[in-house]
Amino acid sequence: MAVTAQMVKELREKTGAGMMDCKKALVQTDGDIDAALDFLREKGLSSASKKADRIAAEGITSILEEGNEAVIYEVNAETDFVAKNEGFQTLVKEIGEHLLATKPATIDEANASTMSNGLSVADHISNAIAKIGEKITLRRFEIRTKADNDAFGPYLHMGGRIGVLVVLEGSADSQAARDIAMHIAALNPKYISRDEVSADEVERERTVLTEQALNEGKPEKIVEKMVEGRLGKYFEDICLLDQAFVKNSDQKVRDFAASVGGSVKEFIRYEVGEGIEKREDNFADEVMSQVNKK
């Protein structure tokens, strides 16, 4: 029986296996869907769909550079153990190289794009899931371009638990850019400068600080001056350029960047699993649930 695209699609939806694996299974079983299902199960390739509802909040961030282009991205797995697996790390590298070469605009576009092995990114990940045994996802990525006289500052902390990519404009000092990225990994600023903080956020903080000062019993005539002083401290907490540089606390980050002839154009900071609601499983209950199934 001739294997059609619809048959491959149907089998893939039932198993979560890669497209090429589904086609091979159908060819081997002469188009018999049920036999193809058994074929994939025997080969351990029908496990991806069973893992679709699991929470993948571990993994690594990674950064790749090529000339004037760089990509920072996060690939998630279910456990930190798998994140250290050589096969997982190879997959991460392959995905990064593909992202940098094809420059997709969105995650959906990235997952649908075709890699050099002829598989889509989604299928390539599905095949890895079958081999590694955990849910794996390409969660996010950003691609940046710099000028010849700019520098990228890539920094990975704790083996990729935190990843930072800095674009230092007007200076080709890559070590200085990396030092700033390390600072960002440590202090986690929200903005580059005060100019990026919205008027609403500033006013909200000013209101809170005013109420705090009044509740402390401070005279109203000095509250305004106190609030402006505390607002300056607030900017130091959230704005990169206002922060004391981690490698020299006597120097602001803006002054360090200026000392090498540059300025921070932008930065991206990823921390693995941030924003993902992690499921708190009781290990003893999990073991007992498996025992009771037997």
# chains A, B, ... in the order shown; residues from 1 in each chain; ligands from 1
call {"tool": "closest_atom_pairs", "arguments": {"of": "segment 126-181 of chain A", "to": "segment 75-91 of chain A", "cutoff": "10 Å", "atoms": "only C-alpha atoms", "output": "CSV"}}
result
residue,atom,partner,partner_atom,distance
A:Ala128,CA,A:Leu91,CA,7.6
A:Ile129,CA,A:Phe88,CA,9.3
A:Lys131,CA,A:Gly87,CA,8.7
A:Ile132,CA,A:Gly87,CA,7.5
A:Gly133,CA,A:Val82,CA,8.9
A:Glu134,CA,A:Glu78,CA,6.1
A:Lys135,CA,A:Ala77,CA,5.7
A:Ile136,CA,A:Ala77,CA,4.6
A:Thr137,CA,A:Asn76,CA,5.2
A:Leu138,CA,A:Val75,CA,4.5
A:Arg139,CA,A:Val75,CA,5.7
A:Arg140,CA,A:Val75,CA,7.5
A:Phe141,CA,A:Val75,CA,9.1
A:Gly159,CA,A:Lys84,CA,8.9
A:Gly160,CA,A:Ala83,CA,9.6
A:Arg161,CA,A:Asp80,CA,9.8
call {"tool": "residues_around", "arguments": {"residues": "segment 185-187 of chain A", "least_positions_apart": "6", "cutoff": "12 Å", "atoms": "only C-alpha atoms", "output": "compact mmCIF listing (two decimals) with C-alpha atoms, in the first residue's frame"}}
result
# COMPACT_ATOMS: atom_id res chain seq x y z
CA GLY A 153 29.23 40.15 25.68
CA PRO A 154 28.05 36.56 26.17
CA TYR A 155 28.04 35.10 29.68
CA LEU A 156 26.70 31.77 30.97
CA HIS A 157 26.47 31.23 34.71
CA MET A 158 26.30 27.82 36.41
CA GLY A 160 23.83 27.86 31.50
CA ARG A 161 21.43 28.25 34.41
CA ILE A 162 21.56 31.97 33.65
CA GLY A 163 22.50 33.39 30.25
CA VAL A 164 23.17 37.02 29.38
CA LEU A 165 23.93 38.61 26.02
CA VAL A 166 25.12 42.24 25.96
CA ARG A 178 31.42 40.05 28.98
CA ASP A 179 32.20 41.68 32.34
CA GLU A 236 20.09 51.97 41.34
CA ASP A 237 18.32 48.69 42.06
CA ILE A 238 16.60 48.37 38.69
CA CYS A 239 18.70 50.35 36.18
CA LEU A 240 21.96 48.86 34.92
CA LEU A 241 23.85 52.10 34.30
CA ASP A 242 23.09 53.39 37.81
CA GLN A 243 24.39 50.25 39.53
CA ALA A 244 27.78 49.93 41.21
CA PHE A 245 29.91 47.67 39.00
CA VAL A 246 30.40 44.24 40.57
CA LYS A 247 34.12 44.18 39.74
CA VAL A 253 28.43 50.51 35.15
CA PHE A 267 20.99 43.24 26.99
CA ILE A 268 18.98 40.04 27.24
CA ARG A 269 18.98 37.97 30.41
CA TYR A 270 17.47 34.49 30.58
CA GLU A 271 17.18 32.37 33.70
call {"tool": "residues_around", "arguments": {"residues": "Gly262 of chain A", "least_positions_apart": "6", "cutoff": "6 Å", "atoms": "only C-alpha atoms", "output": "count of residues only"}}
result
3
call {"tool": "closest_residue", "arguments": {"among": "A:Glu109, A:Glu228, A:Asp150, A:Glu220", "to": "Ala257 of chain A", "atoms": "only C-alpha atoms"}}
result
A:Asp150
call {"tool": "residues_around", "arguments": {"residues": "Lys9 of chain A", "least_positions_apart": "5", "cutoff": "9 Å", "atoms": "only C-alpha atoms", "output": "list in words"}}
result
Thr4, Lys14, Met19 and Cys22 of chain A
call {"tool": "atom_distance", "arguments": {"atom1": "atom CA of Ile184 of chain A", "atom2": "atom CA of Ile72 of chain A"}}
result
14.6 Å
call {"tool": "atom_distance", "arguments": {"atom1": "atom CA of Ala177 of chain A", "atom2": "atom CA of Val260 of chain A"}}
result
9.6 Å
call {"tool": "select_by_dssp", "arguments": {"residues": "segment 29-182 of chain A", "states": "alpha helix (DSSP H)", "output": "PyMOL selection string"}}
result
chain A and resi 33-43+80-83+86-102+107-112+121-132+174-182
call {"tool": "select_by_dssp", "arguments": {"residues": "segment 4-112 of chain A", "states": "strand (DSSP E)", "output": "number ranges by chain"}}
result
A: 58-66, 69-77
call {"tool": "residues_around", "arguments": {"residues": "Gly67 of chain A", "least_positions_apart": "6", "cutoff": "10 Å", "atoms": "only C-alpha atoms", "output": "list of chain:residue names"}}
result
A:Thr145, A:Lys146, A:Ala147, A:Asp148, A:Phe152
call {"tool": "residues_around", "arguments": {"residues": "Ala213 of chain A", "least_positions_apart": "5", "cutoff": "12 Å", "atoms": "only C-alpha atoms", "output": "MDAnalysis selection string"}}
result
chainID A and resid 206:208 218:230
call {"tool": "write_last_selection", "arguments": {"atoms": "N, CA and C atoms", "output": "short mmCIF file (atom, residue, chain, number, x, y, z; two decimals), in the first residue's frame"}}
result
data_model
loop_
_atom_site.label_atom_id
_atom_site.label_comp_id
_atom_site.auth_asym_id
_atom_site.auth_seq_id
_atom_site.Cartn_x
_atom_site.Cartn_y
_atom_site.Cartn_z
N ARG A 206 6.99 56.37 43.76
CA ARG A 206 7.02 57.61 44.54
C ARG A 206 5.87 57.62 45.58
N THR A 207 4.71 57.14 45.16
CA THR A 207 3.56 57.09 46.09
C THR A 207 3.85 56.16 47.25
N VAL A 208 4.41 54.99 46.95
CA VAL A 208 4.72 54.02 48.00
C VAL A 208 5.76 54.59 48.96
N LYS A 218 7.84 60.94 59.70
CA LYS A 218 8.70 62.02 59.25
C LYS A 218 7.88 63.29 59.00
N PRO A 219 8.43 64.46 59.32
CA PRO A 219 7.72 65.72 59.04
C PRO A 219 7.46 65.88 57.55
N GLU A 220 6.28 66.36 57.21
CA GLU A 220 5.90 66.49 55.80
C GLU A 220 6.87 67.36 55.02
N LYS A 221 7.45 68.37 55.68
CA LYS A 221 8.33 69.29 54.95
C LYS A 221 9.62 68.63 54.47
N ILE A 222 10.01 67.50 55.07
CA ILE A 222 11.22 66.83 54.59
C ILE A 222 10.93 65.52 53.85
N VAL A 223 9.65 65.15 53.83
CA VAL A 223 9.28 63.89 53.16
C VAL A 223 9.63 63.91 51.68
N GLU A 224 9.33 65.03 51.01
CA GLU A 224 9.59 65.10 49.57
C GLU A 224 11.07 64.88 49.26
N LYS A 225 11.93 65.52 50.06
CA LYS A 225 13.37 65.36 49.84
C LYS A 225 13.80 63.92 50.11
N MET A 226 13.25 63.31 51.15
CA MET A 226 13.56 61.92 51.47
C MET A 226 13.13 60.98 50.34
N VAL A 227 11.93 61.25 49.83
CA VAL A 227 11.39 60.39 48.77
C VAL A 227 12.28 60.45 47.52
N GLU A 228 12.73 61.62 47.16
CA GLU A 228 13.59 61.73 45.98
C GLU A 228 14.91 60.99 46.18
N GLY A 229 15.41 61.03 47.41
CA GLY A 229 16.63 60.29 47.71
C GLY A 229 16.42 58.79 47.61
N ARG A 230 15.29 58.33 48.15
CA ARG A 230 15.00 56.90 48.08
C ARG A 230 14.64 56.45 46.67
#
